[in-house]
Structures are given as C-alpha cells and as structure tokens.
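Shown next, in structure tokens, is the structure this report addresses.
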Amino acid sequence: MGKRLTQIATRTGDDGTTGLGDNTRVPKAHLRVHAMGDVDELNSHIGVLLCEELPADARELLIDIQHQLFNLGGELSIPGFELLKEEAVTALDAALAHHNAQLPRLQEFILPAGNRAAAQAHVCRTVARRAERALVALGAQESVRDAPRQYLNRLSDLMFVLARVFNRMNGGDDVYWKSERLKRSEPGSS
C-alpha cells in the first residue's frame, strides 16, 4: 500500500462507495467489500478472544492468525495482489494436528458453549465460515486465489478445535447436544 491513512473521517464514502488499495472505488455492497468486512470482523473477534486467559501457545498462534488475517484483508483490498502465503495454510494444518491430538474423539455434536474463551472461539469459528462464504461468492464473480479460501476453511476448523481445548483448560469438558435420537436409543428409555 502506497500511503497510510492520516485522516480517518475523509467523507469520501458518503456516496456509498469505498476505495480499494489500487485506488479504484467500488460500491460498499460489492462482494469484495463484504469479504473484507467479514475478515475484519473475524480479526476483531479474535482480539476479544485474546482478552481471555489462554495457554501461551494458543495465544501466540492467535496473534499470528491476526497478522495473517490482516494480510488477507490487504490482499482482498488490492485485486490481483498476493499477501497471504501458502505457508500460512500449512501452519494452520500443523496447529490443527497439534491441538487436535490432545483431544478425545467426539462422540456427539457439541454446542457452542462452555467457558468464555471456548464460546468466543465458537463465535470466531462461525465468522470464519461466513468470511469463507463471502470469499467463495467473490470467487464466483472475480478471480480469487485458492490460499485465502483454504486459510479461512482451516481457520474455522482450528477455532472449533481450540474451543474444545479451551473448555478443558480448568478441568472442564465440551457441552454436548442432547440429541433426541440418542435419548431414544439409550437403555431404559421408552
């Protein structure tokens, strides 16, 4: 990016458009702007998650993810530009394998609940999925590299896994869905 903002209230968006990093202007309802906004919202939710007491390795991981999401937002703001590297997707794969290895296998669906850190990680997961959908929609209209979409897909999976890790920080557990189907199949149920 050639210049940094020195003035926040520019009033240039009063007409319903916003400027991209390549100096073009697009409507604020443009699919690219939606994707940028969802990535920004996700980054903000991760900032809220970082306010919680977290294991040091998870904290470092989330801080790196914030930087990668800023790269992704920058890439989205400059059509045709690459800021998010393939290595970022590989790093999420490694984090997923590391954190998932310490968890028991899931026997049932879990609710997006538990302690505050876990609940906030679930919020991050759902916003990551929305950002991914926005990127897919943009990719149906314009050329978008694979790495950003893959990054958001892996990130939503990682946030699910981290929610499970966070629920176990102080001896807790996942909050399981009380499935009607499972109730009916339990011994002694009618």
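Following the order of the structure tokens, first chain is A, next is B, and so on, with residues numbered from 1 inside each chain and ligands from 1 in the order they appear.
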Test item: residues at most 12 Å from Asn170 in chain A, only C-alpha atoms, excluding those fewer than 6 positions along its chain, as an MDAnalysis selection string: chainID A and resid 53:55 114:115 117:118 164
Per-residue DSSP, chain A, filtered to helix (DSSP H, G or I), as a ChimeraX atom specification: /A:12-15,31-49,56-77,86-101,116-141,146-167,180-185
Quick one: pick out all strand (DSSP E or B) residues within chain A from a backbone DSSP run and write them as a list in words. Thr17, Thr18, Gly19, Arg25, Val26, Pro27, Ile110 and Tyr176 of chain A
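Proximity of A:Ser77, A:Gln68, A:Asn153, A:Gln120 to Glu52 in chain A, computed with only C-alpha atoms, is greatest for A:Gln120.
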Name the residues in contact with Asp157 in chain A at a cut-off of 9 Å, using only C-alpha atoms, excluding same-chain residues fewer than 5 positions from it; report them as a ChimeraX atom specification. /A:96,125,152,162
Output C-alpha atoms for every residue in that selection, as a PDB file, in the first residue's frame.
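Here's the written file out-v8.pdb:
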```pdb
ATOM      1  CA  LEU A  96      -4.798 -28.271  13.844  1.00  0.00           C
ATOM      2  CA  ARG A 125     -15.442 -20.196  14.000  1.00  0.00           C
ATOM      3  CA  LEU A 152     -10.433 -19.453   6.197  1.00  0.00           C
ATOM      4  CA  LEU A 162      -9.377 -24.532  20.091  1.00  0.00           C
TER       5      LEU A 162
END
```
Let me make sure I understand: among A:Glu75, A:Glu180, A:Asp173, A:Asp40, which one has the smallest atom-to-atom distance to Ala128 in chain A if we use only C-alpha atoms? A:Asp40
Neighbour list for Val165 in chain A as a list in words, cut-off 8 Å, only C-alpha atoms, skip fewer than 4 positions in-chain: His99, Leu103, Ala118, Val161 and Met169 of chain A
Using only C-alpha atoms, determine which residues lie at most 12 Å from Ser44 in chain A, disregarding the query and same-chain residues fewer than 2 positions distant; provide the list as a PyMOL selection string. chain A and resi 37-42+46-51+62-63+65-67+69-70+120-121+123-124+127-128
Distance of CA of Gln141 in chain A from CA of His122 in chain A, expressed in Å to one decimal place: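 For CA of His122 in chain A relative to CA of Gln141 in chain A, the distance reads 29.4 Å.
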Can you pull out the residues contacting Glu108 in chain A? Cut-off 10 Å, using only C-alpha atoms, and skip same-chain residues under 6 positions away; I want them as a PyMOL selection string. chain A and resi 174-179+182
